[in-house]
Structure formats: structure tokens, C-alpha cells
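Reviewing the structure listed below.
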Amino acid sequence: MALLEIRGLTKDFGGVRAVDGLDLDAAEGEIVSVIGPNGAGKTTLFNLVTGMTRPDRGEIVFDGHGIVGLRPSQIIELGIARTFQNVRLFPEMSVRENVMVARHCRTRSGMLKAVLRPPSFRREEAETREAAERALAFFGARLVGWRFDTPARSLSYANRRRLEIARALASGPKLLLLDEPTAGMNPHETGELIGLIRRIRDEIDVTIVLIEHDMRLVKGVSERVVVLDYGQMIAEGRYDEVASNERVIEAYLGRKASPA
Ligand SMILES: Nc1ncnc2c1ncn2[C@@H]1O[C@H](COP(=O)(O)OP(=O)(O)OP(=O)(O)O)[C@@H](O)[C@H]1O
């Protein structure tokens, strides 16, 4: 059984059908890229899976649970984490704190314990801190050591994007959704990210679905590529299969990104 099963997913915004009867699966441990021209419905798909938007029709089953109608926080607890197209961090909080916040969906202490700070709270906080530091260590030296305590706003753009991924990992997901992880990165940084995404899958045992316009990354990481256009899946397969598919080439003609 697939880890994620989407059936007949449909979402309208006024007169626009952003997602149109979509069926999509992701198997455990797979890396799937979702590509398509601007406005194809990719981000709406992520918003539907994470509970930020409610579908008009269709089913989303994750790890055996129907998740349509659950709150985003419940979906995170079940094991789906995401990053956003535009970086969304707490700029004044430190690098470590930004990641610790995400870990709180796995902790049990409430407000009262946070004020009284009994030993059980302090133990849990130490564990949260260690989990955050482990997630940050995934990026080599870039986000560790003295950077643990620097405010997120002082990081370079590429490091802020890395921090977002670390934060998503700290929530302990089974499924990681990355929305345009290379946006704003230079070719060298993109090259690094290709290796990193594979390492995350191999070492943390997480399934990854990503939206991406940079075809170098799509080619470099995907086991399967799904192409959307006007909310429908128009092609699916290995990168070289979809890149030479006539419907895909046609969908991209005259639009921004192209599957070269
Ligand atoms: N909240 C909203 N209200 C109205 N229309 C929306 C909303 N969100 C998305 N849409 C519309 O739904 C369609 C799909 O948008 P979506 O952002 O999902 O596409 P996308 O494939 O992620 O595009 P891009 O590659 O540009 O990020 C577009 O026509 C968009 O204008």
C-alpha cells in the first residue's frame, strides 16, 4: 500500500478549477517530483494534503488514515511536514529555536509545566534541543556551532532555505513535502541540494514529494515525475520519459519553466 494515496481530488477557487479529479500515489521511501507550468495546481495540491485548504471532492489517505477534514496540526502529528515556496521562519528567533518549535508537535508538556519547569519538562526540552541540533547537523557545518544561536534573519538566503528543511525534519515526518526547494539558490547550491535530498531519504527513511521548476534538481533526484496542467495529471514516469512526452512539451510551450 502506498504511504500517500490521493483519489479524485478536486478544488475550485471561484471559476478556477485548481485541482481537477487528481489521483496520485507516493510509495514509502520514494522521491516524487511534481512539475507543471505556472498555475498548474502544484501548491494547491500541497495545501490540500497539509490541511491548509479543504478539497471540494476527493480522498487523501496517509499511512492508512483519511486526512481530509483534519486540522493542519493533526496532519503534522500524523507525520506530514512541508516547506513553503517563500521562506517562513521566525526571523528574531535563533536557528536552534526555529527548529525546536517544530519539534513541539512530538512533546507532551503543556503551559503549566513550561512555567514550573519540573524535571520531566527539562528532560523533554533537552531531547527537543538534541533533535533540533541533529536535524541542523544534516547540513554539515552551515547551521551548527555558533550559528545555533544566531537569529534566523541574519542567515543567507540559501541557509534560511536549509533551515526550513531542518525545521520540517525535526517534526519527525514520514512524508516530507518540499515546495520549490531551490528557489533563489545558485547552481552550486542546487547541486548540493540534490545530494542532500537523497541523503535525507536514505538516512532518515522519509518519503519525499517535491514541487520544482529547476529541471536539474528534478532530473537529479526523482524516481518518478508527475506532470500537472490545469489541475490534471497529464504525464507520469521517469524524468526522461516525461521530458520527451509531447503533451508535456506542449503544456510548457510559451510558459515560464521548461523540462529541457
Ligand atoms: N487562494 C486562492 N484563491 C483563488 N485562486 C487561487 C488560490 N490559490 C490558487 N488559486 C488559483 O489556482 C490555480 C492553481 O494555482 P497554484 O498556486 O496551485 O499553481 P502552481 O502550479 O503552484 O503555480 P506556480 O508554479 O506558479 O507556483 C491558479 O489559477 C491560481 O490562480
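Residue names in the C-alpha cells use chain letters A, B, ... in the order shown, residue numbers from 1 in each chain, and ligand numbers from 1 in the order shown.
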Pull the closest atom pair for each residue of chain A that gets at most 6 Å from ligand 1, along with the distance in Å to one decimal, counting only C-alpha atoms and all ligand atoms, ordering rows by chain and then ascending residue number, as a Markdown table.
```
| residue | atom | partner | partner_atom_place_in_ligand_line | distance |
| --- | --- | --- | --- | --- |
| A:Phe13 | CA | ligand 1 | 4 (C) | 4.7 |
| A:Ala18 | CA | ligand 1 | 12 (O) | 4.1 |
| A:Pro37 | CA | ligand 1 | 25 (O) | 5.8 |
| A:Asn38 | CA | ligand 1 | 26 (O) | 3.6 |
| A:Gly39 | CA | ligand 1 | 19 (O) | 3.4 |
| A:Ala40 | CA | ligand 1 | 21 (O) | 3.7 |
| A:Gly41 | CA | ligand 1 | 18 (O) | 3.2 |
| A:Lys42 | CA | ligand 1 | 21 (O) | 3.8 |
| A:Thr43 | CA | ligand 1 | 22 (O) | 3.6 |
| A:Thr44 | CA | ligand 1 | 18 (O) | 3.7 |
```
Which of these, A:Ala166, A:Leu175, A:Leu45, A:Ile31, has the shortest distance to Arg17 in chain A once you count only C-alpha atoms?
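The answer is A:Leu45, which sits nearest to Arg17 in chain A.
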In range 17-91 of chain A, what's strand (DSSP E) per DSSP? Answer as a compact mmCIF listing (two decimals) with N, CA and C atoms, in the first residue's frame?
```txt
# COMPACT_ATOMS: atom_id res chain seq x y z
N ARG A 17 -10.73 25.88 -11.62
CA ARG A 17 -10.53 24.55 -11.03
C ARG A 17 -9.02 24.34 -10.87
N ALA A 18 -8.54 24.54 -9.66
CA ALA A 18 -7.08 24.49 -9.43
C ALA A 18 -6.58 23.05 -9.44
N VAL A 19 -7.36 22.12 -8.88
CA VAL A 19 -7.01 20.70 -8.88
C VAL A 19 -8.25 19.96 -9.36
N ASP A 20 -8.06 19.08 -10.34
CA ASP A 20 -9.20 18.56 -11.08
C ASP A 20 -9.20 17.03 -11.14
N GLY A 21 -9.86 16.41 -10.16
CA GLY A 21 -10.01 14.95 -10.18
C GLY A 21 -8.69 14.20 -10.13
N LEU A 22 -7.77 14.68 -9.32
CA LEU A 22 -6.41 14.13 -9.33
C LEU A 22 -6.29 12.82 -8.54
N ASP A 23 -5.64 11.83 -9.17
CA ASP A 23 -5.23 10.59 -8.50
C ASP A 23 -3.71 10.60 -8.43
N LEU A 24 -3.16 10.39 -7.26
CA LEU A 24 -1.70 10.40 -7.15
C LEU A 24 -1.28 9.55 -5.95
N ASP A 25 -0.26 8.74 -6.10
CA ASP A 25 0.26 7.92 -5.00
C ASP A 25 1.73 8.25 -4.76
N ALA A 26 2.17 8.05 -3.54
CA ALA A 26 3.61 8.06 -3.28
C ALA A 26 3.91 6.83 -2.41
N ILE A 31 11.01 9.12 -3.98
CA ILE A 31 11.15 10.57 -4.21
C ILE A 31 10.38 10.90 -5.49
N VAL A 32 9.32 11.68 -5.34
CA VAL A 32 8.45 12.01 -6.46
C VAL A 32 8.51 13.52 -6.69
N SER A 33 8.71 13.93 -7.94
CA SER A 33 8.64 15.36 -8.24
C SER A 33 7.33 15.68 -8.93
N VAL A 34 6.74 16.80 -8.53
CA VAL A 34 5.53 17.28 -9.19
C VAL A 34 5.94 18.53 -9.96
N ILE A 35 5.80 18.47 -11.28
CA ILE A 35 6.16 19.63 -12.09
C ILE A 35 4.93 20.08 -12.89
N ARG A 57 -13.91 17.88 -3.37
CA ARG A 57 -14.19 16.44 -3.51
C ARG A 57 -12.89 15.69 -3.42
N GLY A 58 -13.01 14.38 -3.12
CA GLY A 58 -11.85 13.51 -3.19
C GLY A 58 -11.36 13.04 -1.83
N GLU A 59 -10.47 12.09 -1.90
CA GLU A 59 -9.94 11.43 -0.70
C GLU A 59 -8.43 11.60 -0.64
N ILE A 60 -7.92 11.78 0.57
CA ILE A 60 -6.47 11.73 0.76
C ILE A 60 -6.24 10.76 1.91
N VAL A 61 -5.55 9.66 1.63
CA VAL A 61 -5.27 8.68 2.68
C VAL A 61 -3.77 8.68 2.90
N PHE A 62 -3.38 8.92 4.16
CA PHE A 62 -1.97 8.94 4.51
C PHE A 62 -1.71 7.90 5.58
N HIS A 65 -4.69 6.53 7.18
CA HIS A 65 -5.69 7.45 7.76
C HIS A 65 -6.27 8.35 6.69
N GLY A 66 -7.60 8.49 6.65
CA GLY A 66 -8.22 9.50 5.80
C GLY A 66 -7.97 10.85 6.46
N ILE A 80 3.23 14.36 8.39
CA ILE A 80 3.48 15.07 7.13
C ILE A 80 4.05 16.45 7.47
N ALA A 81 5.23 16.75 6.91
CA ALA A 81 5.83 18.07 7.13
C ALA A 81 6.07 18.72 5.78
N ARG A 82 6.09 20.04 5.77
CA ARG A 82 6.30 20.73 4.49
C ARG A 82 7.20 21.94 4.65
```
Just the number, please: distance in Å from CA of Ala158 in chain A to CA of Arg96 in chain A, one decimal.
16.5 Å
Would you mind reading off the distance between CA of Asn186 in chain A and CA of Arg160 in chain A, one decimal, in Å?
13.9 Å
Which residues come within 8 Å of Pro173 in chain A, counting only C-alpha atoms, excluding same-chain residues fewer than 5 positions away, as an MDAnalysis selection string?
chainID A and resid 76 78:81 168 206
Let me see the file: selected residues, N, CA and C atoms, as a PDB file, in the first residue's frame.
```
ATOM      1  N   ILE A  76       0.282  17.208  10.808  1.00  0.00           N
ATOM      2  CA  ILE A  76       1.705  17.212  11.172  1.00  0.00           C
ATOM      3  C   ILE A  76       1.974  16.075  12.161  1.00  0.00           C
ATOM      4  N   LEU A  78       0.442  13.308  12.452  1.00  0.00           N
ATOM      5  CA  LEU A  78       0.424  12.013  11.768  1.00  0.00           C
ATOM      6  C   LEU A  78       1.713  11.764  10.987  1.00  0.00           C
ATOM      7  N   GLY A  79       2.458  12.839  10.675  1.00  0.00           N
ATOM      8  CA  GLY A  79       3.760  12.629  10.036  1.00  0.00           C
ATOM      9  C   GLY A  79       3.943  13.252   8.659  1.00  0.00           C
ATOM     10  N   ILE A  80       3.233  14.362   8.393  1.00  0.00           N
ATOM     11  CA  ILE A  80       3.480  15.072   7.130  1.00  0.00           C
ATOM     12  C   ILE A  80       4.054  16.452   7.466  1.00  0.00           C
ATOM     13  N   ALA A  81       5.226  16.749   6.913  1.00  0.00           N
ATOM     14  CA  ALA A  81       5.826  18.072   7.132  1.00  0.00           C
ATOM     15  C   ALA A  81       6.065  18.725   5.782  1.00  0.00           C
ATOM     16  N   ALA A 168      11.394  21.251   9.123  1.00  0.00           N
ATOM     17  CA  ALA A 168      10.403  20.244   8.713  1.00  0.00           C
ATOM     18  C   ALA A 168      10.853  18.851   9.188  1.00  0.00           C
ATOM     19  N   VAL A 206      12.574   8.787   4.924  1.00  0.00           N
ATOM     20  CA  VAL A 206      11.381   9.593   4.746  1.00  0.00           C
ATOM     21  C   VAL A 206      11.013   9.574   3.257  1.00  0.00           C
TER      22      VAL A 206
END
```
Which one of A:Gly36, A:Asn159, A:Ala141, A:Gly15 sits closest to Val242 in chain A if you count only C-alpha atoms?
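Residue with the minimum atom-to-atom distance to Val242 in chain A: A:Gly36.
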Just the residues within 8 Å of Gly237 in chain A, please, counting only C-alpha atoms, with nothing from its chain fewer than 4 positions along; format it as a list in words.
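The contact residues come out as Arg224, Val225, Val226, Glu241 and Val242 of chain A.
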Rank nothing, just name the residue among A:Gly220, A:Gly64, A:Thr207, A:Ala137 nearest to Leu193 in chain A, using only C-alpha atoms.
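Using only C-alpha atoms, Leu193 in chain A sits closest to A:Gly220.
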Could you state the separation of CA of Pro151 in chain A and CA of Leu217 in chain A in Å, given to one decimal place?
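Pair CA of Pro151 in chain A / CA of Leu217 in chain A returns 29.0 Å.
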So, with only C-alpha atoms as the atoms that count, which of A:Glu203, A:Glu30, A:Asp56, A:Glu77 lies closest to Phe138 in chain A?
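Of A:Glu203, A:Glu30, A:Asp56, A:Glu77, the one nearest Phe138 in chain A, counting only C-alpha atoms, is A:Glu203.
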Counting only C-alpha atoms, which residue out of A:Gly69, A:Pro181, A:Gly8, A:Gly191 sits closest to Gly231 in chain A?
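Using only C-alpha atoms, the shortest distance to Gly231 in chain A belongs to A:Gly8.
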Long-range neighbours of Asn98 in chain A as an NGL selection string, 12 Å cut-off, only C-alpha atoms, 2 positions minimum in chain:
:A and (88-96 or 100-104 or 128-129 or 132-133 or 135-136 or 143 or 148-153 or 160 or 162-171)
Preceding selection exported with C-alpha atoms as a compact mmCIF listing (two decimals), in the first residue's frame:
```
# COMPACT_ATOMS: atom_id res chain seq x y z
CA ARG A 88 8.51 31.20 6.55
CA LEU A 89 10.70 31.34 9.62
CA PHE A 90 10.59 33.26 12.89
CA PRO A 91 13.20 35.87 11.96
CA GLU A 92 14.01 37.03 15.51
CA MET A 93 14.30 33.54 16.96
CA SER A 94 17.61 31.70 16.85
CA VAL A 95 18.36 28.99 14.32
CA ARG A 96 18.02 26.33 17.02
CA MET A 100 12.80 23.35 18.35
CA VAL A 101 9.40 24.96 17.78
CA ALA A 102 8.64 22.40 15.06
CA ARG A 103 9.59 19.57 17.40
CA HIS A 104 6.89 20.55 19.88
CA THR A 128 13.93 18.58 21.80
CA ARG A 129 17.18 20.52 21.71
CA ALA A 132 16.87 20.10 16.64
CA GLU A 133 20.67 20.00 16.60
CA ALA A 135 18.34 18.00 12.13
CA LEU A 136 20.58 21.04 11.69
CA LEU A 143 23.87 25.66 10.58
CA PHE A 148 22.74 27.63 16.55
CA ASP A 149 22.31 30.85 18.49
CA THR A 150 22.21 33.42 15.70
CA PRO A 151 18.82 34.86 14.72
CA ALA A 152 17.30 33.34 11.59
CA ARG A 153 17.15 36.78 9.97
CA ARG A 160 17.32 30.13 5.52
CA ARG A 162 18.14 24.91 4.55
CA LEU A 163 16.85 25.91 7.97
CA GLU A 164 13.28 25.47 6.72
CA ILE A 165 14.10 21.92 5.66
CA ALA A 166 15.76 21.21 9.03
CA ARG A 167 12.66 22.51 10.76
CA ALA A 168 10.40 20.24 8.71
CA LEU A 169 12.65 17.26 9.51
CA ALA A 170 12.57 17.99 13.24
CA SER A 171 8.85 17.26 13.39
```
